[in-house]
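Novice: Sharing a structure here in structure tokens format.
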Amino acid sequence: MAYSLQQRLFDELDAIVLIDSHSHINPHSPTSNSLADLLGYHYYTELAHSSGMPKHLIEEAGISPREKVGRLFEFLGNIDNTVQWSWFVELSQKLFGFQHERIDKSNWESLYDLAESKMHESDWESQVLRLSKVEKVFLTNDFDDPLDGFNTERYIPCLRTDDLVFHLASPKVCERLCSASGRSLVTLSDLKQSLEVLFIRFQERGARACAISLPPWFTPKSHSDHSHSAQIALDDLLQQGHDASESHKRLIAEWVFWKIAELANAHKMPLDLMIGVNRRVYPKGVFQGQDLYDSRLSLIQYAELFNAFPNLMFPISVLASVTNQELVDYAWIFPNVLSHGHWWYSNTPNYIRQDLRGRIEAIPRNKQLGYYSDAYKLEFILPKFGMYKRILAGILASDFCQERGWSEESAVRLGKQILRGNVEHVFGL
Amino acid sequence: MAYSLQQRLFDELDAIVLIDSHSHINPHSPTSNSLADLLGYHYYTELAHSSGMPKHLIEEAGISPREKVGRLFEFLGNIDNTVQWSWFVELSQKLFGFQHERIDKSNWESLYDLAESKMHESDWESQVLRLSKVEKVFLTNDFDDPLDGFNTERYIPCLRTDDLVFHLASPKVCERLCSASGRSLVTLSDLKQSLEVLFIRFQERGARACAISLPPWFTPKSHSDHSHSAQIALDDLLQQGHDASESHKRLIAEWVFWKIAELANAHKMPLDLMIGVNRRVYPKGVFQGQDLYDSRLSLIQYAELFNAFPNLMFPISVLASVTNQELVDYAWIFPNVLSHGHWWYSNTPNYIRQDLRGRIEAIPRNKQLGYYSDAYKLEFILPKFGMYKRILAGILASDFCQERGWSEESAVRLGKQILRGNVEHVFGL
Amino acid sequence: MAYSLQQRLFDELDAIVLIDSHSHINPHSPTSNSLADLLGYHYYTELAHSSGMPKHLIEEAGISPREKVGRLFEFLGNIDNTVQWSWFVELSQKLFGFQHERIDKSNWESLYDLAESKMHESDWESQVLRLSKVEKVFLTNDFDDPLDGFNTERYIPCLRTDDLVFHLASPKVCERLCSASGRSLVTLSDLKQSLEVLFIRFQERGARACAISLPPWFTPKSHSDHSHSAQIALDDLLQQGHDASESHKRLIAEWVFWKIAELANAHKMPLDLMIGVNRRVYPKGVFQGQDLYDSRLSLIQYAELFNAFPNLMFPISVLASVTNQELVDYAWIFPNVLSHGHWWYSNTPNYIRQDLRGRIEAIPRNKQLGYYSDAYKLEFILPKFGMYKRILAGILASDFCQERGWSEESAVRLGKQILRGNVEHVFGL
């Protein structure tokens with residue numbers, strides 16, 4: 001009976017047409033071309049590597065997609081317990097119509113062929129979006145992305161600012177900025193005006209958010225436009241490049257971040273903060289499988305920021321579940337702090353369940369942005385959202401209908417607001 | 001079946017007459033005068049503000065209670081998912097006899113009138129206590145509270161020491177101390193004797209505990225009565241007031257805290273530690289809705305204290321659930337460390353459930369002080385304790401009766417000890 | 001129905017013959033001689049002490065085992081809620097055949113007599129191993145343990161290295177090292193060669209792992225064999241003993257730890273890291289009941305180590321559950337990081353359940369070492385593993401069979417791999 005309540009709630013939530021508020025979809029190639037694109041997702045390559053697969057097996061130059069998948073399947077049996085593997089099985093069944101419960105060394109080739117033929121149907125993108133019930137997908141765009149050649153109503157641009165904040169010591173990044181802004185870069189004033197050009201262009205092209213991922217040690221600090229010490233730091237970066245001092249790199253990171261917050265505020269673009277990742281902790285790991293974290297951080301590092309921009313919305317993702325209660329409580333107190341999805345290492349059922357239960361009972365209902373896929377290929381939206389919707393339905397059933405006596409209609413209304421309504425409202429869609 | 005076991009356990013626990021070991025009740029005005037008193041509780045004002053309500057709407061001078069409640073209801077729909085809202089609905093139904101499941105813009109006025117008429121019945125205080133099954137309530141008294149004009153058998157004084165430890169740089173606090181102690185304040189010796197006067201007065205008036213809330217960075221340190229550096233720090237505070245140096249303020253905080261521990265020890269008054277709050281993180285928040293925290297703290301900061309006072313009981317509340325396992329383990333090892341309630345940001349079912357499950361299976365049963373209301377008005381005791389008792393009954397049912405094969409009688413006995421027995425014993429009632 | 005699924009899974013898991021990958025069993029006296037040996041386990045003495053029992057009652061010289069047990073029972077009623085107590089009840093019923101549900105002041109003497117007669121049966125060790133379904137047990141051996149006089153096929157040596165890393169300032173430890181290695185100790189080169197002698201001896205005697213417990217502040221750092229500053233530090237330790245400077249002690253700890261990692265790597269011996277304990281936080285506590293911790297640590301402190309030894313396996317235990325998600329994620333990324341058991345303060349059902357759910361869905365299945373007993377006496381293996389197996393069966397039933405549609409056979413296969421298969425594989429048995 002409890003199960004059928006949960007199932008009924010799931011069915012209602014599953015009927016919603018979704019807006020995916022954060023992804024890495026390439027709008028020029030949103031779906032996969034072969035199983036190698038799906039199993040090349042870092043979750044599979046890093047877990048297979050962690051389970052014993054030498055990295056060179058799959059990063060060898062020139063191997064065919066089919067060969068790469070075959071090599072991976074020598075190790076994928078080691079990760080069939082993981083929830084990430086269950087995403088692959090679910091999408092294979094629901095998108096490709098694969099009939100078997102298990103996918104392993106004995107049967108992967110039939111799936112490979114089935115998937116390939118599906119992927120080459122001319123309307124595969126539309127099929128995936130329809131089967132996944134997805135209407136709009138937010139992108140992650142480099143600051144110098146030309147943003148043309150795709151439907152920006154369906155694929156919504158989002159200005160990703162990591163490079164600008166943390167990699168301005170790279171001459172290549174500086175060149176890209178000069179080229180994208182059409183300005184030379186000598187003074188802080190140049191830098192600020194270049195950033196402004198980017199915001200204007202992104203907004204003209206329909207961007208609805210800017211976003212950044214942040215390391216655990218980062219603490220935003222206010223700096224004036226013409227700070228003397230920041231100009232000295234900028235000089236150092238422009239002259240020394242990667243050899244500039246660490247303290248100058250940090251100072252410029254702070255300065256640029258603050259200007260971006262000011263511009264996001266001026267352009268009324270929510271600023272997605274994705275807090276807590278250390279890059280390249282395992283530098284010999286597979287592509288995109290090198291990042292980890294230090295869970296010792298606090299949102300109090302962001303108190304100055306939240307206070308300084310009361311009208312700028314900050315949808316916040318945290319990498320580690322130990323930070324989730326702080327997120328709940330900062331969102332409970334600060335009007336401009338919102339909870340946003342279940343990110344990366346916290347995107348597994350055990351942590352989603354705990355984190356969501358903490359949020360759903362204490363954050364105002366209009367400030368919870370439930371979930372995003374973070375996907376690189378459209379095919380993953382279905383199983384990832386499916387996982388979330390099952391957990392959400394379970395919590396609505398137990399914590400609201402059973403424990404608090406809510407009607408199913410009220411519970412579904414809350415679920416719909418978290419899944420979609422707030423995304424529309426916060427990002428102005 | 002599982003549910004009816006839980007229900008039977010709940011009914012047994014719910015029959016207990018309670019002692020509420022920590023509240024902010026004003027014994028001269030323990031109940032509410034209108035719905036504005038209830039909805040003025042910071043949980044509602046801060047959540048409504050967080051959901052979008054401008055602060056001035058409710059803090060505007062001169063608005064009537066009814067007007068204030070009406071303005072709040074324009075936003076309270078945003079927080080009807082929160083457990084805090086469920087407290088209000090439950091007390092409205094159980095104390096006022098309100099018949100509707102929902103309370104919203106469409107029907108709040110009828111509740112307002114119903115509540116007002118109830119609140120003005122001459123025995124409303126007794127009604128609330130009887131319906132809530134509460135016998136005694138601990139207060140939170142300023143150090144200069146005259147402690148007269150109320151029944152100290154029912155409302156038990158508790159010496160709150162935050163001002164003494166953290167705000168002695170305020171000339172106003174110094175004046176209040178001089179006035180309360182009848183002594184001038186020049187030397188450390190004056191200060192110690194003033195503190196002693198307070199302890200003697202509080203104990204004469206029936207105080208059973210002293211209490212303090214502590215910021216995450218605080219680490220108690222032993223200082224001698226006549227520390228030269230502490231006298232220099234005191235001189236600075238007395239002369240410069242708020243402009244005294246931060247290091248002097250910290251040193252005096254340490255010195256005063258340690259003397260308070262010595263006095264609590266000498267007077268056999270348990271010292272309630274409420275660990276982890278940063279004040280005024282969001283200074284533009286509503287009244288009492290400005291405090292948050294940094295969850296990076298450890299009870300190892302208190303090891304010197306626990307070792308120095310082996311006979312002084314420390315009932316401890318922690319603000320963030322990430323500290324709960326340390327609390328479990330310090331209470332498992334140190335005879336003088338006790339777990340005390342589920343405080344503030346951890347007082348929601350998700351965190352109570354996790355934290356209580358950690359405690360109930362690893363801390364000796366005579367060292368768990370289950371719950372307190374933290375309430376400002378008596379009406380909140382019923383729903384807050386109700387929330388806790390439902391969770392406690394659920395855990396006794398699943399973890400003890402079902403998993404460990406305990407009899408219902410044994411489970412109820414454990415629940416009663418945690419809910420009431422230990423409060424009597426620890427505070428010597 | 002759900003229960004019977006869980007029960008069936010438990011029965012399958014319970015049929016497995018176990019290898020216990022970490023214990024403190026004395027192979028010359030693996031079982032208990034009286035109830036005093038069982039109730040002298042620090043869990044009971046420290047919890048009884050925490051609940052109010054003065055330490056001297058049980059540490060008084062010359063009291064008989066029976067007297068000691070009688071004194072403990074004056075306080076053990078205070079801890080009958082704890083899971084640790086449930087271990088004692090379960091082993092009393094299953095190993096001694098004690099018939100009562102409760103063990104208390106009224107009936108302990110009959111249990112005492114029953115246990116004593118059982119323990120003195122000539123094949124008691126074999127009985128316990130058979131009833132507990134245990135085949136092999138890893139030991140914790142001092143570096144100078146002669147490792148003779150016992151069956152190293154059953155009791156597998158493990159080189160414990162805490163003394164070498166953290167206590168080389170103790171002249172006694174230096175003497176033991178010189179004596180065990182047959183070398184004098186003057187230079188770093190002497191030290192390295194001494195360590196090598198130990199590794200060779202342990203490996204000849206069948207050791208399969210080395211192990212160390214580490215304080216929260218420790219961060220492994222690479223040092224060269226002939227580091228000048230390390231030689232100066234060693235000189236200081238050899239000359240000043242305990243009075244050597246703290247910075248020199250730390251430097252030698254780093255140096256020795258790194259050499260041990262190099263030797264473990266060269267000898268292909270997995271290096272068990274048990275991360276997070278502070279020793280003697282409560283120095284007046286009972287024997288072995290003085291250690292606690294500071295939960296503010298991160299596995300990022302070990303990133304240099306994990307990167308430096310890609311072929312050395314690190315089975316890792318963490319003391320506090322707040323570190324568990326990092327352990328999950330470091331094991332998900334680093335091929336040489338494995339999760340190992342549920343250690344000490346995290347070895348209670350609430351934390352095992354949370355931590356195991358985090359692990360089982362995100363770490364490759366061949367990298368999860370499920371559980372070890374950490375026992376000092378064989379009798380505790382049965383109830384401790386029993387607790388774990390019940391939780392594991394519950395998670396397999398709910399998270400795999402019910403939520404993910406796994407067959408019971410697949411779930412049992414996963415459980416068996418976690419419980420035993422990986423232990424065989426990782427430790428080369």
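If you're wondering about the labels, chains in the structure tokens are A, B, ... by order shown, residues count from 1 in each chain, ligands from 1 in order shown.
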Counting only C-alpha atoms, a student should be able to say which residues of chain A come within 9 Å of chain C; what is the right answer, written as a PyMOL selection string?
Specialist: chain A and resi 46-53+77-84+86+101+281-285+289-296+320-322+345-346+348-351
Novice: I need the chosen residues saved as a compact mmCIF listing (two decimals), in the first residue's frame, with N, CA, C and O atoms.
Specialist:
```txt
# COMPACT_ATOMS: atom_id res chain seq x y z
N GLU A 46 36.11 6.47 -15.01
CA GLU A 46 36.84 6.61 -13.75
C GLU A 46 36.55 5.44 -12.81
O GLU A 46 37.45 4.95 -12.11
N LEU A 47 35.30 4.98 -12.81
CA LEU A 47 34.99 3.83 -11.94
C LEU A 47 35.66 2.56 -12.47
O LEU A 47 36.18 1.76 -11.68
N ALA A 48 35.66 2.38 -13.78
CA ALA A 48 36.35 1.20 -14.34
C ALA A 48 37.84 1.29 -14.03
O ALA A 48 38.47 0.29 -13.62
N HIS A 49 38.41 2.46 -14.18
CA HIS A 49 39.82 2.66 -13.85
C HIS A 49 40.07 2.38 -12.37
O HIS A 49 41.01 1.67 -11.99
N SER A 50 39.23 2.93 -11.52
CA SER A 50 39.38 2.70 -10.09
C SER A 50 39.31 1.22 -9.76
O SER A 50 39.99 0.73 -8.86
N SER A 51 38.51 0.48 -10.53
CA SER A 51 38.35 -0.95 -10.25
C SER A 51 39.49 -1.79 -10.81
O SER A 51 39.51 -3.01 -10.61
N GLY A 52 40.42 -1.15 -11.53
CA GLY A 52 41.58 -1.91 -11.99
C GLY A 52 41.97 -1.72 -13.46
O GLY A 52 43.01 -2.22 -13.88
N MET A 53 41.16 -1.03 -14.23
CA MET A 53 41.46 -0.87 -15.65
C MET A 53 42.58 0.15 -15.88
O MET A 53 42.44 1.31 -15.48
N GLY A 77 32.00 -5.11 -15.13
CA GLY A 77 31.38 -5.99 -14.14
C GLY A 77 31.73 -5.60 -12.71
O GLY A 77 30.96 -5.86 -11.77
N ASN A 78 32.88 -4.93 -12.54
CA ASN A 78 33.28 -4.48 -11.20
C ASN A 78 32.44 -3.32 -10.67
O ASN A 78 32.54 -2.97 -9.50
N ILE A 79 31.69 -2.70 -11.56
CA ILE A 79 30.96 -1.51 -11.10
C ILE A 79 29.45 -1.67 -11.29
O ILE A 79 28.71 -0.70 -11.22
N ASP A 80 29.00 -2.93 -11.49
CA ASP A 80 27.56 -3.09 -11.74
C ASP A 80 26.72 -2.88 -10.49
O ASP A 80 25.49 -2.86 -10.57
N ASN A 81 27.38 -2.76 -9.34
CA ASN A 81 26.67 -2.40 -8.12
C ASN A 81 26.39 -0.91 -8.03
O ASN A 81 25.56 -0.48 -7.22
N THR A 82 27.08 -0.10 -8.82
CA THR A 82 26.97 1.35 -8.62
C THR A 82 25.68 1.90 -9.22
O THR A 82 25.15 1.36 -10.19
N VAL A 83 25.23 2.98 -8.65
CA VAL A 83 24.03 3.62 -9.17
C VAL A 83 24.31 4.20 -10.55
O VAL A 83 23.42 4.27 -11.40
N GLN A 84 25.55 4.59 -10.79
CA GLN A 84 25.90 5.12 -12.11
C GLN A 84 25.67 4.05 -13.18
O GLN A 84 25.17 4.35 -14.26
N SER A 86 23.49 1.72 -12.99
CA SER A 86 22.03 1.56 -13.15
C SER A 86 21.47 2.62 -14.11
O SER A 86 20.47 2.36 -14.78
N GLU A 101 18.06 -7.72 -18.51
CA GLU A 101 18.27 -7.09 -17.21
C GLU A 101 19.74 -6.71 -17.02
O GLU A 101 20.05 -5.69 -16.42
N VAL A 281 43.31 16.38 -8.14
CA VAL A 281 43.85 15.73 -6.93
C VAL A 281 44.54 14.42 -7.31
O VAL A 281 45.51 14.01 -6.68
N TYR A 282 44.05 13.78 -8.35
CA TYR A 282 44.66 12.54 -8.87
C TYR A 282 45.03 12.79 -10.32
O TYR A 282 44.31 12.41 -11.25
N PRO A 283 46.18 13.45 -10.54
CA PRO A 283 46.50 13.93 -11.90
C PRO A 283 46.67 12.81 -12.92
O PRO A 283 46.55 13.07 -14.11
N LYS A 284 46.94 11.59 -12.47
CA LYS A 284 47.08 10.50 -13.43
C LYS A 284 45.77 9.77 -13.69
O LYS A 284 45.76 8.70 -14.31
N GLY A 285 44.70 10.32 -13.19
CA GLY A 285 43.40 9.70 -13.44
C GLY A 285 42.96 9.88 -14.87
O GLY A 285 43.57 10.64 -15.64
N GLY A 289 38.36 12.53 -14.57
CA GLY A 289 38.26 11.68 -13.39
C GLY A 289 39.40 11.93 -12.42
O GLY A 289 39.97 11.00 -11.86
N GLN A 290 39.73 13.21 -12.21
CA GLN A 290 40.92 13.57 -11.43
C GLN A 290 40.59 14.48 -10.26
O GLN A 290 41.46 14.82 -9.47
N ASP A 291 39.32 14.87 -10.15
CA ASP A 291 38.97 15.90 -9.17
C ASP A 291 38.35 15.28 -7.92
O ASP A 291 37.54 14.37 -8.00
N LEU A 292 38.73 15.82 -6.78
CA LEU A 292 38.13 15.41 -5.52
C LEU A 292 37.94 16.65 -4.66
O LEU A 292 37.76 17.74 -5.21
N TYR A 293 38.04 16.50 -3.35
CA TYR A 293 37.68 17.68 -2.55
C TYR A 293 38.16 17.53 -1.11
O TYR A 293 38.60 16.47 -0.68
N ASP A 294 38.05 18.62 -0.44
CA ASP A 294 38.29 18.72 1.00
C ASP A 294 36.97 19.18 1.59
O ASP A 294 36.50 20.28 1.30
N SER A 295 36.34 18.32 2.38
CA SER A 295 34.98 18.66 2.82
C SER A 295 34.96 19.73 3.93
O SER A 295 33.90 20.14 4.36
N ARG A 296 36.12 20.16 4.36
CA ARG A 296 36.16 21.19 5.41
C ARG A 296 36.00 22.59 4.82
O ARG A 296 36.97 23.31 4.57
N ALA A 320 29.79 18.11 -1.12
CA ALA A 320 29.77 17.07 -0.09
C ALA A 320 28.54 17.23 0.79
O ALA A 320 28.15 18.34 1.14
N SER A 321 27.98 16.10 1.15
CA SER A 321 26.76 16.09 1.95
C SER A 321 26.96 16.73 3.32
O SER A 321 26.00 17.24 3.91
N VAL A 322 28.16 16.74 3.85
CA VAL A 322 28.37 17.38 5.15
C VAL A 322 28.13 18.88 5.09
O VAL A 322 27.96 19.51 6.13
N TYR A 345 29.46 14.21 -6.58
CA TYR A 345 29.70 13.18 -5.57
C TYR A 345 28.52 13.05 -4.60
O TYR A 345 28.48 12.08 -3.83
N SER A 346 27.63 14.01 -4.57
CA SER A 346 26.43 13.87 -3.73
C SER A 346 25.22 13.44 -4.53
O SER A 346 24.12 13.40 -4.01
N THR A 348 24.12 10.57 -5.51
CA THR A 348 23.81 9.13 -5.39
C THR A 348 22.68 9.03 -4.37
O THR A 348 22.54 9.90 -3.50
N PRO A 349 21.87 7.97 -4.47
CA PRO A 349 20.64 7.94 -3.66
C PRO A 349 20.83 8.15 -2.17
O PRO A 349 20.04 8.85 -1.53
N ASN A 350 21.88 7.56 -1.59
CA ASN A 350 22.07 7.72 -0.15
C ASN A 350 22.19 9.19 0.23
O ASN A 350 21.58 9.64 1.22
N TYR A 351 22.95 9.94 -0.54
CA TYR A 351 23.14 11.35 -0.18
C TYR A 351 21.97 12.22 -0.67
O TYR A 351 21.58 13.15 0.03
```
Novice: Give me, as a PyMOL selection string, the residues of region 164-374 of chain C that a backbone DSSP run labels alpha helix (DSSP H).
Specialist: chain C and resi 164-166+171-181+188-204+228-240+246-266+303-308+324-333+349-360
Novice: Could you name the residues that touch Glu196 (chain C) at 9 Å or less, counting only C-alpha atoms, but leaving out those on the same chain fewer than 5 positions away, as a ChimeraX atom specification?
Specialist: /C:181,191,201,260,263
Novice: With N, CA and C atoms retained, export the selected residues as a PDB file, in the first residue's frame.
Specialist:
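The result, stored in result.pdb:
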```
ATOM      1  N   SER C 181      65.789  -5.664  15.365  1.00  0.00           N
ATOM      2  CA  SER C 181      66.453  -5.638  14.055  1.00  0.00           C
ATOM      3  C   SER C 181      67.892  -6.120  14.134  1.00  0.00           C
ATOM      4  N   LEU C 191      68.119   3.392  10.427  1.00  0.00           N
ATOM      5  CA  LEU C 191      66.683   3.309  10.692  1.00  0.00           C
ATOM      6  C   LEU C 191      65.987   2.606   9.533  1.00  0.00           C
ATOM      7  N   ARG C 201      61.133 -10.058   8.128  1.00  0.00           N
ATOM      8  CA  ARG C 201      60.723 -11.054   9.118  1.00  0.00           C
ATOM      9  C   ARG C 201      59.211 -11.272   9.088  1.00  0.00           C
ATOM     10  N   ILE C 260      57.964   3.395   5.587  1.00  0.00           N
ATOM     11  CA  ILE C 260      57.097   2.222   5.752  1.00  0.00           C
ATOM     12  C   ILE C 260      56.237   2.025   4.514  1.00  0.00           C
ATOM     13  N   LEU C 263      58.374   0.485   1.922  1.00  0.00           N
ATOM     14  CA  LEU C 263      58.637  -0.934   2.187  1.00  0.00           C
ATOM     15  C   LEU C 263      57.385  -1.777   1.952  1.00  0.00           C
TER      16      LEU C 263
END
```
Novice: For region 106-118 of chain A, please output as a compact mmCIF listing (two decimals) with N, CA and C atoms, in the first residue's frame all residues within 12 Å (counting only C-alpha atoms; exclusion window: fewer than 3 positions along the same chain).
Specialist:
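New file result_13.txt:
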```txt
# COMPACT_ATOMS: atom_id res chain seq x y z
N THR A 31 23.23 14.51 -28.73
CA THR A 31 23.07 13.09 -28.41
C THR A 31 24.34 12.32 -28.76
N SER A 32 24.32 11.04 -28.47
CA SER A 32 25.51 10.21 -28.66
C SER A 32 25.54 9.63 -30.06
N ASN A 33 26.73 9.30 -30.51
CA ASN A 33 26.89 8.66 -31.80
C ASN A 33 27.10 7.16 -31.69
N SER A 34 27.53 6.73 -30.52
CA SER A 34 27.71 5.28 -30.31
C SER A 34 27.74 5.06 -28.80
N LEU A 35 27.75 3.80 -28.43
CA LEU A 35 27.86 3.46 -27.01
C LEU A 35 29.14 4.03 -26.40
N ALA A 36 30.16 4.26 -27.24
CA ALA A 36 31.42 4.81 -26.71
C ALA A 36 31.20 6.21 -26.15
N ASP A 37 30.28 6.96 -26.74
CA ASP A 37 29.99 8.28 -26.18
C ASP A 37 29.33 8.15 -24.80
N LEU A 38 28.46 7.17 -24.66
CA LEU A 38 27.78 6.99 -23.37
C LEU A 38 28.74 6.45 -22.31
N LEU A 39 29.47 5.41 -22.69
CA LEU A 39 30.37 4.79 -21.71
C LEU A 39 31.68 5.56 -21.58
N PRO A 65 35.53 3.32 -31.61
CA PRO A 65 34.52 3.32 -30.53
C PRO A 65 34.17 1.90 -30.08
N ARG A 66 34.00 0.99 -31.01
CA ARG A 66 33.62 -0.37 -30.63
C ARG A 66 34.73 -1.05 -29.83
N GLU A 67 35.96 -0.83 -30.24
CA GLU A 67 37.09 -1.41 -29.50
C GLU A 67 37.14 -0.84 -28.08
N LYS A 68 36.93 0.46 -27.96
CA LYS A 68 36.97 1.10 -26.65
C LYS A 68 35.90 0.50 -25.73
N VAL A 69 34.70 0.33 -26.27
CA VAL A 69 33.62 -0.23 -25.46
C VAL A 69 33.95 -1.66 -25.05
N GLY A 70 34.50 -2.42 -25.99
CA GLY A 70 34.88 -3.80 -25.67
C GLY A 70 35.90 -3.86 -24.54
N ARG A 71 36.88 -2.97 -24.59
CA ARG A 71 37.89 -2.95 -23.54
C ARG A 71 37.28 -2.55 -22.19
N LEU A 72 36.37 -1.59 -22.23
CA LEU A 72 35.72 -1.19 -20.98
C LEU A 72 34.95 -2.36 -20.36
N PHE A 73 34.27 -3.14 -21.20
CA PHE A 73 33.44 -4.22 -20.65
C PHE A 73 34.26 -5.31 -19.96
N GLU A 74 35.57 -5.33 -20.18
CA GLU A 74 36.40 -6.25 -19.39
C GLU A 74 36.39 -5.88 -17.91
N LEU A 76 33.74 -3.51 -16.52
CA LEU A 76 32.49 -2.91 -16.05
C LEU A 76 31.72 -3.81 -15.09
N GLY A 77 32.00 -5.11 -15.13
CA GLY A 77 31.38 -5.99 -14.14
C GLY A 77 31.73 -5.60 -12.71
N PHE A 88 22.94 3.60 -16.82
CA PHE A 88 23.21 3.08 -18.16
C PHE A 88 22.23 1.97 -18.52
N VAL A 89 21.96 1.11 -17.57
CA VAL A 89 21.02 0.02 -17.84
C VAL A 89 19.62 0.59 -18.12
N LEU A 91 18.74 3.60 -19.20
CA LEU A 91 18.61 4.30 -20.49
C LEU A 91 18.66 3.31 -21.66
N SER A 92 19.42 2.23 -21.49
CA SER A 92 19.48 1.23 -22.57
C SER A 92 18.13 0.57 -22.75
N GLN A 93 17.45 0.33 -21.65
CA GLN A 93 16.13 -0.30 -21.74
C GLN A 93 15.09 0.70 -22.25
N LYS A 94 15.08 1.91 -21.71
CA LYS A 94 13.99 2.83 -22.00
C LYS A 94 14.19 3.63 -23.28
N LEU A 95 15.44 3.87 -23.66
CA LEU A 95 15.65 4.63 -24.89
C LEU A 95 15.91 3.72 -26.09
N PHE A 96 16.65 2.64 -25.87
CA PHE A 96 16.98 1.77 -27.00
C PHE A 96 16.07 0.54 -27.07
N GLY A 97 15.31 0.31 -26.01
CA GLY A 97 14.47 -0.87 -26.00
C GLY A 97 15.24 -2.17 -25.76
N PHE A 98 16.40 -2.05 -25.15
CA PHE A 98 17.17 -3.27 -24.84
C PHE A 98 16.38 -4.11 -23.84
N GLN A 99 16.35 -5.43 -24.06
CA GLN A 99 15.41 -6.26 -23.31
C GLN A 99 16.01 -6.96 -22.10
N HIS A 100 17.33 -6.99 -21.96
CA HIS A 100 17.91 -7.81 -20.90
C HIS A 100 18.10 -7.00 -19.61
N GLU A 101 18.06 -7.72 -18.51
CA GLU A 101 18.27 -7.09 -17.21
C GLU A 101 19.74 -6.71 -17.02
N ARG A 102 20.60 -7.58 -17.50
CA ARG A 102 22.03 -7.35 -17.32
C ARG A 102 22.68 -6.99 -18.64
N ILE A 103 23.71 -6.16 -18.55
CA ILE A 103 24.50 -5.84 -19.73
C ILE A 103 25.94 -6.16 -19.36
N GLU A 121 19.00 7.33 -36.32
CA GLU A 121 17.71 7.77 -36.85
C GLU A 121 17.72 9.30 -36.86
N SER A 122 17.08 9.86 -37.87
CA SER A 122 17.26 11.30 -38.09
C SER A 122 16.63 12.13 -36.96
N ASP A 123 15.63 11.59 -36.29
CA ASP A 123 14.98 12.37 -35.24
C ASP A 123 15.36 11.90 -33.85
N TRP A 124 16.55 11.33 -33.73
CA TRP A 124 16.95 10.76 -32.42
C TRP A 124 16.91 11.82 -31.31
N GLU A 125 17.40 13.00 -31.58
CA GLU A 125 17.36 14.06 -30.58
C GLU A 125 15.93 14.29 -30.09
N SER A 126 15.01 14.40 -31.01
CA SER A 126 13.62 14.63 -30.62
C SER A 126 13.04 13.44 -29.87
N GLN A 127 13.40 12.25 -30.33
CA GLN A 127 12.93 11.06 -29.62
C GLN A 127 13.39 11.08 -28.16
N VAL A 128 14.68 11.38 -27.96
CA VAL A 128 15.22 11.36 -26.60
C VAL A 128 14.53 12.41 -25.74
N GLU A 379 20.97 11.55 -23.50
CA GLU A 379 20.46 10.24 -23.08
C GLU A 379 20.49 10.05 -21.55
```
Novice: Just want the 9 Å neighbourhood of Arg390 (chain B), counted on only C-alpha atoms, with same-chain residues fewer than 3 positions away dropped. Output as number ranges by chain.
Specialist: B: 6-7, 9-10, 13-14, 385-387, 393-395
Novice: Can you work out which one of B:Leu419, B:Lys389, B:Gly182, B:Phe427 has the shortest atom-to-atom distance to Asp11 (chain B), counting only C-alpha atoms?
Specialist: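 Residue with the minimum atom-to-atom distance to Asp11 (chain B): B:Lys389.
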Novice: Contacts of Leu251 (chain B) at 10 Å or less, counting only C-alpha atoms, minus same-chain residues fewer than 6 places along, as a ChimeraX atom specification?
Specialist: /B:165,220-221,223,229-234,245,257
Novice: If you count only C-alpha atoms, which residues fall within 8 Å of Leu327 (chain C), apart from same-chain ones fewer than 5 positions away, as a PyMOL selection string?
Specialist: chain C and resi 299+316+318+339
Novice: Please produce a file of those selected residues containing C-alpha atoms, as a PDB file, in the first residue's frame.
Specialist:
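Output contents, as saved in selection_0.pdb:
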```pdb
ATOM      1  CA  LEU C 299      41.540  12.589   2.963  1.00  0.00           C
ATOM      2  CA  ILE C 316      41.144   2.661   4.825  1.00  0.00           C
ATOM      3  CA  VAL C 318      37.836   6.316   9.165  1.00  0.00           C
ATOM      4  CA  SER C 339      37.051   1.104   2.103  1.00  0.00           C
TER       5      SER C 339
END
```
Novice: Quick one, how far is CA of Lys136 (chain C) from CA of Asp148 (chain C)?
Specialist: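 A separation of 16.6 Å between them.
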